[in-house]
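Novice: Dropping in start04.pdb, which is PDB, C-alpha atoms and all ligand atoms:
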MODEL        1
ATOM      1  CA  MET A   1     -20.802  -4.839   2.877
ATOM      2  CA  ALA A   2     -17.445  -3.410   1.874
ATOM      3  CA  LEU A   3     -14.922  -2.720   4.645
ATOM      4  CA  ILE A   4     -14.046   0.708   3.234
ATOM      5  CA  GLU A   5     -16.159   2.839   0.956
ATOM      6  CA  THR A   6     -15.728   6.361  -0.262
ATOM      7  CA  HIS A   7     -18.535   8.440  -1.704
ATOM      8  CA  ASP A   8     -17.757  11.494  -3.833
ATOM      9  CA  LEU A   9     -14.633  12.131  -1.822
ATOM     10  CA  ARG A  10     -13.224  15.601  -2.435
ATOM     11  CA  PHE A  11     -10.186  17.298  -0.955
ATOM     12  CA  VAL A  12      -8.675  20.727  -1.554
ATOM     13  CA  TYR A  13      -5.302  21.977  -0.295
ATOM     14  CA  GLY A  14      -4.961  25.650   0.649
ATOM     15  CA  LYS A  15      -8.642  26.384   0.181
ATOM     16  CA  GLY A  16      -9.354  30.050  -0.368
ATOM     17  CA  THR A  17      -5.679  30.906  -0.920
ATOM     18  CA  PRO A  18      -3.936  31.644  -4.223
ATOM     19  CA  PHE A  19      -2.358  28.179  -3.888
ATOM     20  CA  GLU A  20      -5.676  26.347  -3.817
ATOM     21  CA  LYS A  21      -5.296  22.895  -5.308
ATOM     22  CA  VAL A  22      -8.041  20.316  -5.785
ATOM     23  CA  ALA A  23      -6.329  17.015  -4.979
ATOM     24  CA  LEU A  24      -9.360  14.724  -5.073
ATOM     25  CA  GLN A  25     -12.399  15.567  -7.068
ATOM     26  CA  GLY A  26     -15.067  13.104  -6.037
ATOM     27  CA  ALA A  27     -13.492   9.670  -5.657
ATOM     28  CA  ASN A  28     -15.759   6.630  -5.300
ATOM     29  CA  LEU A  29     -14.421   3.216  -4.376
ATOM     30  CA  ALA A  30     -15.135   0.133  -2.292
ATOM     31  CA  ILE A  31     -12.598  -2.240  -0.743
ATOM     32  CA  ASN A  32     -13.509  -5.591   0.773
ATOM     33  CA  GLU A  33     -12.080  -7.121   3.913
ATOM     34  CA  GLY A  34      -8.893  -9.086   3.287
ATOM     35  CA  GLU A  35      -8.158  -7.639  -0.135
ATOM     36  CA  PHE A  36      -4.663  -6.620  -1.181
ATOM     37  CA  ILE A  37      -5.056  -3.434  -3.168
ATOM     38  CA  GLY A  38      -2.302  -1.857  -5.255
ATOM     39  CA  VAL A  39      -2.622   1.907  -5.726
ATOM     40  CA  ILE A  40      -0.957   3.442  -8.771
ATOM     41  CA  GLY A  41      -1.088   6.751 -10.603
ATOM     42  CA  HIS A  42       1.259   9.433 -11.878
ATOM     43  CA  THR A  43       2.864  11.858  -9.409
ATOM     44  CA  GLY A  44       0.260  14.302  -8.161
ATOM     45  CA  SER A  45      -2.684  12.072  -9.101
ATOM     46  CA  GLY A  46      -3.954  12.065  -5.503
ATOM     47  CA  LYS A  47      -2.666   8.757  -4.084
ATOM     48  CA  SER A  48      -1.134  10.164  -0.889
ATOM     49  CA  THR A  49      -4.079  12.462  -0.296
ATOM     50  CA  LEU A  50      -6.464   9.529  -0.679
ATOM     51  CA  VAL A  51      -4.644   7.306   1.818
ATOM     52  CA  GLN A  52      -4.360  10.128   4.355
ATOM     53  CA  LEU A  53      -8.099  10.656   4.051
ATOM     54  CA  LEU A  54      -8.739   6.944   4.555
ATOM     55  CA  ASN A  55      -7.032   6.965   7.947
ATOM     56  CA  GLY A  56      -8.553  10.236   9.078
ATOM     57  CA  LEU A  57      -5.369  12.275   8.967
ATOM     58  CA  LEU A  58      -6.979  14.670   6.504
ATOM     59  CA  LYS A  59     -10.618  15.684   6.625
ATOM     60  CA  PRO A  60     -12.592  15.651   3.375
ATOM     61  CA  GLU A  61     -13.837  18.884   1.897
ATOM     62  CA  SER A  62     -16.987  16.955   1.021
ATOM     63  CA  GLY A  63     -18.053  13.352   0.528
ATOM     64  CA  GLN A  64     -17.757  10.454   2.927
ATOM     65  CA  ILE A  65     -15.479   7.654   4.017
ATOM     66  CA  LEU A  66     -17.226   4.651   5.498
ATOM     67  CA  LEU A  67     -15.424   2.069   7.595
ATOM     68  CA  ASN A  68     -17.637  -0.969   8.196
ATOM     69  CA  GLY A  69     -20.540   1.115   6.940
ATOM     70  CA  LYS A  70     -19.956   3.998   9.394
ATOM     71  CA  ASN A  71     -18.900   7.492   8.444
ATOM     72  CA  ILE A  72     -15.464   7.943  10.075
ATOM     73  CA  TRP A  73     -16.121  11.648  10.706
ATOM     74  CA  GLU A  74     -19.472  11.050  12.391
ATOM     75  CA  LYS A  75     -17.831  11.725  15.749
ATOM     76  CA  PRO A  76     -14.791  13.901  15.051
ATOM     77  CA  LYS A  77     -13.506  13.431  18.604
ATOM     78  CA  LYS A  78     -13.189   9.702  17.940
ATOM     79  CA  ILE A  79     -11.047  10.097  14.840
ATOM     80  CA  ARG A  80      -7.981   8.881  16.776
ATOM     81  CA  ASP A  81      -9.618   5.447  17.016
ATOM     82  CA  ILE A  82      -9.855   5.359  13.242
ATOM     83  CA  ARG A  83      -6.103   5.959  12.983
ATOM     84  CA  PHE A  84      -5.531   2.883  15.127
ATOM     85  CA  GLN A  85      -7.814   0.808  12.920
ATOM     86  CA  VAL A  86      -6.396   2.075   9.650
ATOM     87  CA  GLY A  87      -2.617   2.121  10.052
ATOM     88  CA  LEU A  88      -0.667   4.306   7.660
ATOM     89  CA  VAL A  89       3.025   3.900   6.919
ATOM     90  CA  PHE A  90       4.225   7.112   5.299
ATOM     91  CA  GLN A  91       6.802   7.532   2.602
ATOM     92  CA  TYR A  92      10.204   7.591   4.347
ATOM     93  CA  PRO A  93       8.657   6.598   7.693
ATOM     94  CA  GLU A  94      12.116   6.275   9.227
ATOM     95  CA  TYR A  95      12.073  10.032   9.756
ATOM     96  CA  GLN A  96       9.393   9.438  12.361
ATOM     97  CA  LEU A  97      11.569   7.260  14.573
ATOM     98  CA  PHE A  98      12.327   9.348  17.625
ATOM     99  CA  GLU A  99      12.589   7.183  20.744
ATOM    100  CA  GLU A 100      15.784   6.092  22.465
ATOM    101  CA  THR A 101      15.425   2.486  21.410
ATOM    102  CA  VAL A 102      13.733   0.640  18.580
ATOM    103  CA  TYR A 103      11.700  -1.239  21.175
ATOM    104  CA  ARG A 104      10.260   1.984  22.589
ATOM    105  CA  ASP A 105       9.532   3.271  19.137
ATOM    106  CA  ILE A 106       7.504   0.187  18.272
ATOM    107  CA  ALA A 107       5.786   0.301  21.682
ATOM    108  CA  PHE A 108       4.750   3.942  21.238
ATOM    109  CA  GLY A 109       1.627   3.260  19.147
ATOM    110  CA  PRO A 110       0.177   0.422  21.249
ATOM    111  CA  MET A 111       0.863   2.406  24.460
ATOM    112  CA  ASN A 112      -1.102   5.323  23.042
ATOM    113  CA  LYS A 113      -3.819   2.930  22.083
ATOM    114  CA  GLY A 114      -4.122   2.107  25.761
ATOM    115  CA  ILE A 115      -2.187  -1.166  26.111
ATOM    116  CA  LYS A 116      -0.855  -0.989  29.674
ATOM    117  CA  GLY A 117       0.175  -4.516  30.681
ATOM    118  CA  LYS A 118       3.936  -4.988  30.327
ATOM    119  CA  ASP A 119       3.653  -8.587  29.119
ATOM    120  CA  GLU A 120       0.951  -7.765  26.604
ATOM    121  CA  LEU A 121       3.007  -4.848  25.300
ATOM    122  CA  ASP A 122       6.084  -7.022  25.054
ATOM    123  CA  ARG A 123       4.214  -9.655  23.066
ATOM    124  CA  ILE A 124       2.865  -7.021  20.690
ATOM    125  CA  VAL A 125       6.262  -5.366  20.143
ATOM    126  CA  ARG A 126       8.048  -8.642  19.494
ATOM    127  CA  THR A 127       5.338  -9.968  17.172
ATOM    128  CA  ALA A 128       5.334  -6.730  15.188
ATOM    129  CA  ALA A 129       9.139  -6.752  14.930
ATOM    130  CA  GLU A 130       9.043 -10.309  13.673
ATOM    131  CA  PHE A 131       6.349  -9.517  11.105
ATOM    132  CA  ALA A 132       8.431  -6.631   9.851
ATOM    133  CA  GLY A 133      11.539  -8.842   9.635
ATOM    134  CA  LEU A 134      13.468  -7.022  12.328
ATOM    135  CA  LYS A 135      16.034  -9.030  14.286
ATOM    136  CA  GLU A 136      15.407  -9.207  18.016
ATOM    137  CA  SER A 137      18.952  -8.061  18.720
ATOM    138  CA  LEU A 138      18.108  -4.695  17.169
ATOM    139  CA  LEU A 139      15.300  -3.909  19.581
ATOM    140  CA  GLU A 140      17.536  -2.379  22.233
ATOM    141  CA  LYS A 141      19.544  -0.333  19.756
ATOM    142  CA  SER A 142      18.984   3.306  18.967
ATOM    143  CA  PRO A 143      16.941   3.655  15.767
ATOM    144  CA  PHE A 144      19.670   5.966  14.487
ATOM    145  CA  ASP A 145      22.185   3.113  14.490
ATOM    146  CA  LEU A 146      20.155   0.991  12.078
ATOM    147  CA  SER A 147      20.715   0.635   8.337
ATOM    148  CA  GLY A 148      18.263   2.253   5.920
ATOM    149  CA  GLY A 149      16.305  -0.942   5.351
ATOM    150  CA  GLU A 150      16.241  -1.755   9.083
ATOM    151  CA  LYS A 151      14.939   1.721   9.930
ATOM    152  CA  ARG A 152      12.187   1.296   7.388
ATOM    153  CA  ARG A 153      11.271  -2.068   8.905
ATOM    154  CA  ALA A 154      11.290  -0.599  12.420
ATOM    155  CA  ALA A 155       8.859   2.091  11.281
ATOM    156  CA  ILE A 156       6.617  -0.484   9.621
ATOM    157  CA  ALA A 157       6.713  -2.559  12.832
ATOM    158  CA  GLY A 158       5.525   0.527  14.735
ATOM    159  CA  VAL A 159       2.374   0.660  12.643
ATOM    160  CA  ILE A 160       1.814  -3.116  12.631
ATOM    161  CA  ALA A 161       2.086  -2.994  16.446
ATOM    162  CA  MET A 162      -1.175  -1.095  16.553
ATOM    163  CA  GLU A 163      -2.718  -4.223  15.044
ATOM    164  CA  PRO A 164      -4.675  -2.234  12.481
ATOM    165  CA  LYS A 165      -7.545  -3.777  10.562
ATOM    166  CA  VAL A 166      -6.263  -2.056   7.469
ATOM    167  CA  LEU A 167      -2.594  -1.524   6.735
ATOM    168  CA  ILE A 168      -1.750   1.196   4.242
ATOM    169  CA  LEU A 169       1.777   1.675   2.978
ATOM    170  CA  ASP A 170       2.678   4.722   0.903
ATOM    171  CA  GLU A 171       5.707   3.831  -1.248
ATOM    172  CA  PRO A 172       7.279   1.642   1.454
ATOM    173  CA  THR A 173      10.226   0.658  -0.720
ATOM    174  CA  ALA A 174      11.073   4.149  -2.024
ATOM    175  CA  GLY A 175      14.796   4.815  -1.977
ATOM    176  CA  LEU A 176      15.812   1.247  -1.052
ATOM    177  CA  ASP A 177      18.104  -0.950  -3.128
ATOM    178  CA  PRO A 178      16.560  -3.986  -4.923
ATOM    179  CA  ARG A 179      17.419  -6.360  -2.061
ATOM    180  CA  GLY A 180      15.880  -4.033   0.502
ATOM    181  CA  ARG A 181      12.803  -3.625  -1.683
ATOM    182  CA  ASP A 182      12.415  -7.370  -2.038
ATOM    183  CA  LYS A 183      12.713  -7.978   1.680
ATOM    184  CA  ILE A 184      10.089  -5.389   2.583
ATOM    185  CA  LEU A 185       7.703  -6.575  -0.082
ATOM    186  CA  SER A 186       8.034 -10.216   0.978
ATOM    187  CA  ARG A 187       7.367  -9.192   4.572
ATOM    188  CA  ILE A 188       4.216  -7.316   3.654
ATOM    189  CA  LYS A 189       3.023 -10.264   1.612
ATOM    190  CA  GLU A 190       3.731 -12.637   4.485
ATOM    191  CA  TYR A 191       2.045 -10.339   7.014
ATOM    192  CA  ARG A 192      -1.080 -10.233   4.914
ATOM    193  CA  LYS A 193      -1.084 -14.010   4.472
ATOM    194  CA  LYS A 194      -0.720 -14.672   8.189
ATOM    195  CA  THR A 195      -3.153 -12.065   9.480
ATOM    196  CA  GLY A 196      -5.655 -11.884   6.631
ATOM    197  CA  SER A 197      -5.529  -8.086   6.995
ATOM    198  CA  THR A 198      -6.652  -5.704   4.330
ATOM    199  CA  VAL A 199      -3.621  -4.043   2.750
ATOM    200  CA  LEU A 200      -3.272  -1.025   0.479
ATOM    201  CA  LEU A 201       0.092  -0.530  -1.153
ATOM    202  CA  VAL A 202       0.887   2.679  -3.001
ATOM    203  CA  SER A 203       3.768   2.123  -5.393
ATOM    204  CA  HIS A 204       5.448   3.481  -8.486
ATOM    205  CA  SER A 205       6.743   0.022  -9.254
ATOM    206  CA  MET A 206       4.418  -1.920 -11.521
ATOM    207  CA  GLU A 207       6.564  -4.990 -10.795
ATOM    208  CA  ASP A 208       5.851  -4.691  -7.069
ATOM    209  CA  ILE A 209       2.142  -4.199  -7.665
ATOM    210  CA  ALA A 210       2.021  -7.175 -10.043
ATOM    211  CA  ARG A 211       3.654  -9.368  -7.399
ATOM    212  CA  VAL A 212       1.245  -8.669  -4.582
ATOM    213  CA  ALA A 213      -2.041  -7.032  -5.536
ATOM    214  CA  ASP A 214      -5.413  -8.747  -6.021
ATOM    215  CA  ARG A 215      -6.891  -5.567  -7.424
ATOM    216  CA  VAL A 216      -5.378  -2.338  -8.637
ATOM    217  CA  LEU A 217      -6.744   1.150  -8.067
ATOM    218  CA  VAL A 218      -5.571   3.570 -10.737
ATOM    219  CA  MET A 219      -5.706   7.266  -9.826
ATOM    220  CA  ASN A 220      -5.602  10.029 -12.417
ATOM    221  CA  HIS A 221      -5.966  13.767 -11.787
ATOM    222  CA  GLY A 222      -7.742  13.284  -8.477
ATOM    223  CA  ASN A 223     -10.172  10.699  -9.763
ATOM    224  CA  VAL A 224     -10.446   6.926  -9.774
ATOM    225  CA  GLU A 225      -9.588   6.111 -13.367
ATOM    226  CA  MET A 226      -9.831   2.320 -13.125
ATOM    227  CA  PHE A 227     -10.298  -0.215 -10.335
ATOM    228  CA  ASP A 228     -10.124  -3.839 -11.397
ATOM    229  CA  THR A 229      -8.246  -7.103 -10.955
ATOM    230  CA  THR A 230      -4.499  -6.867 -11.466
ATOM    231  CA  GLU A 231      -4.815  -8.965 -14.616
ATOM    232  CA  ASN A 232      -7.495  -6.745 -16.138
ATOM    233  CA  ILE A 233      -5.569  -3.569 -15.334
ATOM    234  CA  PHE A 234      -2.298  -4.724 -16.853
ATOM    235  CA  LYS A 235      -4.141  -5.898 -19.967
ATOM    236  CA  GLN A 236      -4.867  -2.254 -20.643
ATOM    237  CA  GLY A 237      -1.371  -1.121 -21.583
ATOM    238  CA  GLN A 238      -2.649   1.505 -23.988
ATOM    239  CA  HIS A 239      -4.979   3.094 -21.450
ATOM    240  CA  LEU A 240      -2.233   3.088 -18.816
ATOM    241  CA  ALA A 241       0.231   4.700 -21.233
ATOM    242  CA  GLU A 242      -2.287   7.463 -21.959
ATOM    243  CA  ILE A 243      -2.267   8.446 -18.288
ATOM    244  CA  GLY A 244       1.489   8.259 -17.935
ATOM    245  CA  LEU A 245       1.810   4.740 -16.535
ATOM    246  CA  LYS A 246       3.503   1.602 -17.718
ATOM    247  CA  VAL A 247       2.729  -2.079 -17.576
ATOM    248  CA  PRO A 248       5.256  -4.383 -15.842
ATOM    249  CA  GLN A 249       8.335  -4.990 -17.987
ATOM    250  CA  VAL A 250       7.455  -8.627 -18.472
ATOM    251  CA  THR A 251       4.008  -7.663 -19.816
ATOM    252  CA  GLN A 252       5.718  -5.238 -22.188
ATOM    253  CA  VAL A 253       7.913  -8.049 -23.508
ATOM    254  CA  PHE A 254       4.856 -10.169 -24.305
ATOM    255  CA  LEU A 255       3.078  -7.236 -25.972
ATOM    256  CA  GLU A 256       6.164  -6.727 -28.175
ATOM    257  CA  LEU A 257       6.304 -10.441 -29.009
ATOM    258  CA  LYS A 258       2.669 -10.312 -30.031
ATOM    259  CA  LYS A 259       3.378  -7.306 -32.276
ATOM    260  CA  LEU A 260       6.146  -9.315 -33.922
ATOM    261  CA  GLY A 261       3.582 -11.972 -34.764
ATOM    262  CA  ALA A 262       4.224 -14.494 -31.999
ATOM    263  CA  ASP A 263       1.149 -16.379 -30.903
ATOM    264  CA  VAL A 264       1.392 -15.525 -27.208
ATOM    265  CA  GLY A 265      -1.106 -14.246 -24.679
ATOM    266  CA  THR A 266      -0.800 -10.709 -23.382
ATOM    267  CA  ASP A 267      -2.258 -11.331 -19.926
ATOM    268  CA  VAL A 268       1.191 -11.999 -18.503
ATOM    269  CA  TYR A 269       2.322  -9.909 -15.555
ATOM    270  CA  THR A 270       4.424 -12.009 -13.190
ATOM    271  CA  MET A 271       7.758 -13.709 -13.851
ATOM    272  CA  ASP A 272       6.460 -17.187 -12.967
ATOM    273  CA  TYR A 273       3.571 -16.887 -15.347
ATOM    274  CA  ALA A 274       5.839 -15.458 -18.023
ATOM    275  CA  LYS A 275       8.150 -18.438 -17.664
ATOM    276  CA  ASN A 276       5.285 -20.881 -18.190
ATOM    277  CA  ALA A 277       3.862 -18.875 -21.072
ATOM    278  CA  ALA A 278       7.255 -18.698 -22.793
ATOM    279  CA  LEU A 279       7.864 -22.431 -22.329
ATOM    280  CA  GLN A 280       4.448 -23.300 -23.705
ATOM    281  CA  TYR A 281       5.016 -21.037 -26.671
ATOM    282  CA  LEU A 282       8.399 -22.608 -27.380
ATOM    283  CA  ARG A 283       6.783 -26.045 -27.196
ATOM    284  CA  GLY A 284       4.295 -24.871 -29.775
ATOM    285  CA  SER A 285       1.172 -24.400 -27.719
ATOM    286  CA  ARG A 286      -0.105 -20.937 -27.098
ATOM    287  CA  THR A 287      -1.210 -19.868 -23.641
ATOM    288  CA  GLU A 288      -3.676 -17.274 -22.500
ATOM    289  CA  GLY A 289      -5.170 -17.156 -19.058
ATOM    290  CA  GLY A 290      -4.575 -20.879 -18.602
ATOM    291  CA  GLU A 291      -2.104 -21.188 -15.790
ATOM    292  CA  ALA A 292      -2.473 -19.665 -12.385
ATOM    293  CA  GLN A 293      -0.516 -16.418 -12.003
TER
HETATM  294  P1  LIG B   1       0.425  11.563  -5.368
HETATM  295  O1  LIG B   1       0.535  10.890  -4.033
HETATM  296  O2  LIG B   1      -0.334  10.755  -6.365
HETATM  297  O3  LIG B   1       1.748  12.016  -5.897
HETATM  298  P2  LIG B   1      -0.738  13.781  -3.897
HETATM  299  O4  LIG B   1      -1.950  13.273  -3.200
HETATM  300  O5  LIG B   1       0.512  13.949  -3.091
HETATM  301  O6  LIG B   1      -0.474  12.885  -5.183
HETATM  302  O7  LIG B   1      -1.068  15.190  -4.546
HETATM  303  C1  LIG B   1      -2.280  15.490  -5.218
HETATM  304  C2  LIG B   1      -2.255  16.961  -5.616
HETATM  305  O8  LIG B   1      -2.267  17.771  -4.443
HETATM  306  C3  LIG B   1      -0.999  17.380  -6.382
HETATM  307  O9  LIG B   1      -1.349  18.318  -7.339
HETATM  308  C4  LIG B   1      -0.112  17.979  -5.325
HETATM  309  O10 LIG B   1       0.722  18.975  -5.882
HETATM  310  C5  LIG B   1      -1.130  18.607  -4.378
HETATM  311  N1  LIG B   1      -0.632  18.614  -2.994
HETATM  312  C6  LIG B   1      -0.226  17.537  -2.282
HETATM  313  N2  LIG B   1       0.137  17.898  -1.024
HETATM  314  C7  LIG B   1      -0.043  19.231  -0.963
HETATM  315  C8  LIG B   1       0.147  20.216   0.071
HETATM  316  N3  LIG B   1       0.594  19.871   1.276
HETATM  317  N4  LIG B   1      -0.136  21.495  -0.243
HETATM  318  C9  LIG B   1      -0.597  21.848  -1.445
HETATM  319  N5  LIG B   1      -0.818  20.994  -2.461
HETATM  320  C10 LIG B   1      -0.535  19.694  -2.229
ENDMDL
END
Hey, can you dump this file as structure tokens for me?

Specialist:
Amino acid sequence: MALIETHDLRFVYGKGTPFEKVALQGANLAINEGEFIGVIGHTGSGKSTLVQLLNGLLKPESGQILLNGKNIWEKPKKIRDIRFQVGLVFQYPEYQLFEETVYRDIAFGPMNKGIKGKDELDRIVRTAAEFAGLKESLLEKSPFDLSGGEKRRAAIAGVIAMEPKVLILDEPTAGLDPRGRDKILSRIKEYRKKTGSTVLLVSHSMEDIARVADRVLVMNHGNVEMFDTTENIFKQGQHLAEIGLKVPQVTQVFLELKKLGADVGTDVYTMDYAKNAALQYLRGSRTEGGEAQ
């Protein structure tokens, strides 16, 4: 059984008003426990709406979301529990930091979840901070005194502290410089490796998605356009271009080489793999799908 399933999931903003907008028009998907899913799609394709539906923040117009086979809206009064199980880190989550200290901010979620013991809370806060790559010395500071990247990590720690089964991050590296992006991405990767959690990462960066995702969900005009392994998705450069998306730059380079007549594979989407493929080509033996990504 899949961990998360959606059936004909539909959502409309401003229903019955002149601004009515259908954001999801019947999305079907299934995600297994422990998977790392990349979510891509042009702006307005429905990515944010989808992830807010998955954690019960928005209620579907029609259709269902199943978590472990159970409809999350079966008991509307229990929807808060779903939000603890499916943690959502919003775009620019640092705007949601509001406590006096970083420590209290991270502790807010678990306290609401009902963790009362001081020692237990302390363990949770410190573990979450470590997972998010936040130095211990920052815990007693005001969140407003942190750098941009640190604030982002504090906000991520706040969601991790709820120990969610599923961690969803909506553009977690938006607005950060390349070093900040790298750090956050590495942390998410590490977190997933250590906890075996299911992770959904919404990103505009095909490079980021290529680095971390097992499978990629492609949204287009409120529908699931494609949902396949990262390799199979990035093989479909033409299809992606038609819906306003790109392949990772390194894949583009190999597609261009192929066009120029070089005997190279086009299933290349990470730098490590590209390096091997290029070396093999230069040594005179073509590669396609041979080496591990
Ligand atoms: P994405 O995350 O892929 O950019 P969204 O889920 O934010 O897409 O948006 C899907 C559609 O819903 C878009 O057409 C967007 O304009 C519309 N939309 C999103 N949020 C709102 C809102 N709060 N009110 C009205 N329309 C919205």

Novice: Between A:Phe36, A:Phe90, A:Phe227, A:Trp73, which residue has the minimum interatomic distance to ligand LIG 1 (chain B), considering all atoms listed in the file?

Specialist: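 That would be A:Phe90, the residue with the smallest distance to ligand LIG 1 (chain B).
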
Novice: Evaluate the PyMOL selection byres (((not hetatm)) within 10 of (chain B and resi 1)) against this structure - the residues, as number ranges by chain, please.

Specialist: A: 11-15, 19-24, 39-53, 91, 170-171, 202-204, 218-222

Novice: Find the residues with any atom within 9 Å of (-2.2, -8.3, -21.6); use all atoms listed in the file and the coordinates as given in the file, and write the answer as JSON, numbers by chain.

Specialist: {"A": [231, 232, 233, 234, 235, 236, 237, 247, 251, 252, 254, 255, 265, 266, 267, 268, 269]}

Novice: In Å, with one decimal, what is the gap from CA of Val159 in chain A to CA of Ala213 in chain A?

Specialist: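 Those two atoms sit 20.2 Å apart.
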
Novice: Could you jot down the CA of Glu5 in chain A to CA of Leu66 in chain A separation for me, Å, one decimal place?

Specialist: 5.0 Å

Novice: Expand the PyMOL selection byres (((chain A and resi 54) around 10) and not hetatm) into the individual residues it matches in the shown file, reporting them as a ChimeraX atom specification.

Specialist: /A:4-6,48-53,55-60,64-67,72,82-83,86-88,166,168

Novice: From the list A:Leu9, A:Asn112, A:Ile79, A:Ala107, which residue is nearest Glu61 in chain A when using all atoms listed in the file?

Specialist: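 Nearest to Glu61 in chain A: A:Leu9.
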
Novice: Would you kindly translate the PyMOL selection byres (((chain A and resi 164) around 7) and not hetatm) into the concrete residues it picks from this file, as a PyMOL selection string?

Specialist: chain A and resi 84-87+160+162-163+165-167

Novice: Expressed in Å to a single decimal, how great is the separation between CA of Arg211 in chain A and CA of Thr270 in chain A?

Specialist: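 Calculated distance between CA of Arg211 in chain A and CA of Thr270 in chain A is 6.4 Å.
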
Novice: Out of A:Arg192, A:Arg153, A:Lys70, A:Lys246, which residue has the shortest atom-to-atom distance to Asp214 in chain A when counting all atoms listed in the file?

Specialist: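 Selected residue with least distance to Asp214 in chain A: A:Arg192.
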
Novice: Which residue, A:Arg10, A:Arg215, A:Arg283, A:Lys183, has the smallest gap to Phe131 in chain A when you use only C-alpha atoms?

Specialist: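 Looking at the shortest contact to Phe131 in chain A, the residue is A:Lys183.
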
Novice: Restricting the calculation to all atoms listed in the file: of A:Ala155, A:Ile106, A:Ala241, A:Val224, which residue gets closest to Glu140 in chain A?

Specialist: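 Among A:Ala155, A:Ile106, A:Ala241, A:Val224, it is A:Ile106 that comes nearest to Glu140 in chain A.
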
Novice: Tell me, as number ranges by chain, which residues lie within 12 Å of Ser147 in chain A, counting all atoms listed in the file; anything in the same chain fewer than 3 positions away does not count.

Specialist: A: 94, 134, 138, 141-144, 150-154, 176-177, 180

Novice: Between A:Tyr281, A:Tyr191, A:Tyr92, A:Tyr273, which is the closest to Thr173 in chain A once you count all atoms listed in the file?

Specialist: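 Among the listed residues, the smallest separation from Thr173 in chain A belongs to A:Tyr92.
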
Novice: Around range 46-53 of chain A, with edges along x, y and z and 4 Å added on all six sides, what centre and edge lengths do you get, in Å to one decimal, as AutoDock Vina command-line options?

Specialist:
--center_x -4.6 --center_y 9.9 --center_z -0.6 --size_x 15.0 --size_y 13.2 --size_z 17.9

Novice: Can range 157-161 of chain A be brought up to all heavy atoms and written out as a short mmCIF file (atom, residue, chain, number, x, y, z; two decimals), in the frame of the given file?

Specialist:
data_model
loop_
_atom_site.label_atom_id
_atom_site.label_comp_id
_atom_site.auth_asym_id
_atom_site.auth_seq_id
_atom_site.Cartn_x
_atom_site.Cartn_y
_atom_site.Cartn_z
N ALA A 157 7.08 -1.80 11.62
CA ALA A 157 6.71 -2.56 12.83
C ALA A 157 5.89 -1.68 13.77
O ALA A 157 4.93 -2.15 14.40
CB ALA A 157 7.97 -3.07 13.54
N GLY A 158 6.25 -0.41 13.86
CA GLY A 158 5.52 0.53 14.74
C GLY A 158 4.06 0.65 14.36
O GLY A 158 3.20 0.80 15.23
N VAL A 159 3.78 0.57 13.07
CA VAL A 159 2.37 0.66 12.64
C VAL A 159 1.68 -0.69 12.82
O VAL A 159 0.57 -0.78 13.33
CB VAL A 159 2.29 1.15 11.17
CG1 VAL A 159 0.85 1.10 10.68
CG2 VAL A 159 2.81 2.58 11.08
N ILE A 160 2.39 -1.77 12.47
CA ILE A 160 1.81 -3.12 12.63
C ILE A 160 1.46 -3.36 14.11
O ILE A 160 0.49 -4.03 14.43
CB ILE A 160 2.82 -4.20 12.13
CG1 ILE A 160 2.93 -4.14 10.60
CG2 ILE A 160 2.38 -5.58 12.58
CD1 ILE A 160 3.94 -5.11 10.04
N ALA A 161 2.29 -2.78 15.00
CA ALA A 161 2.09 -2.99 16.45
C ALA A 161 0.75 -2.46 16.93
O ALA A 161 0.27 -2.85 17.99
CB ALA A 161 3.22 -2.34 17.24
#
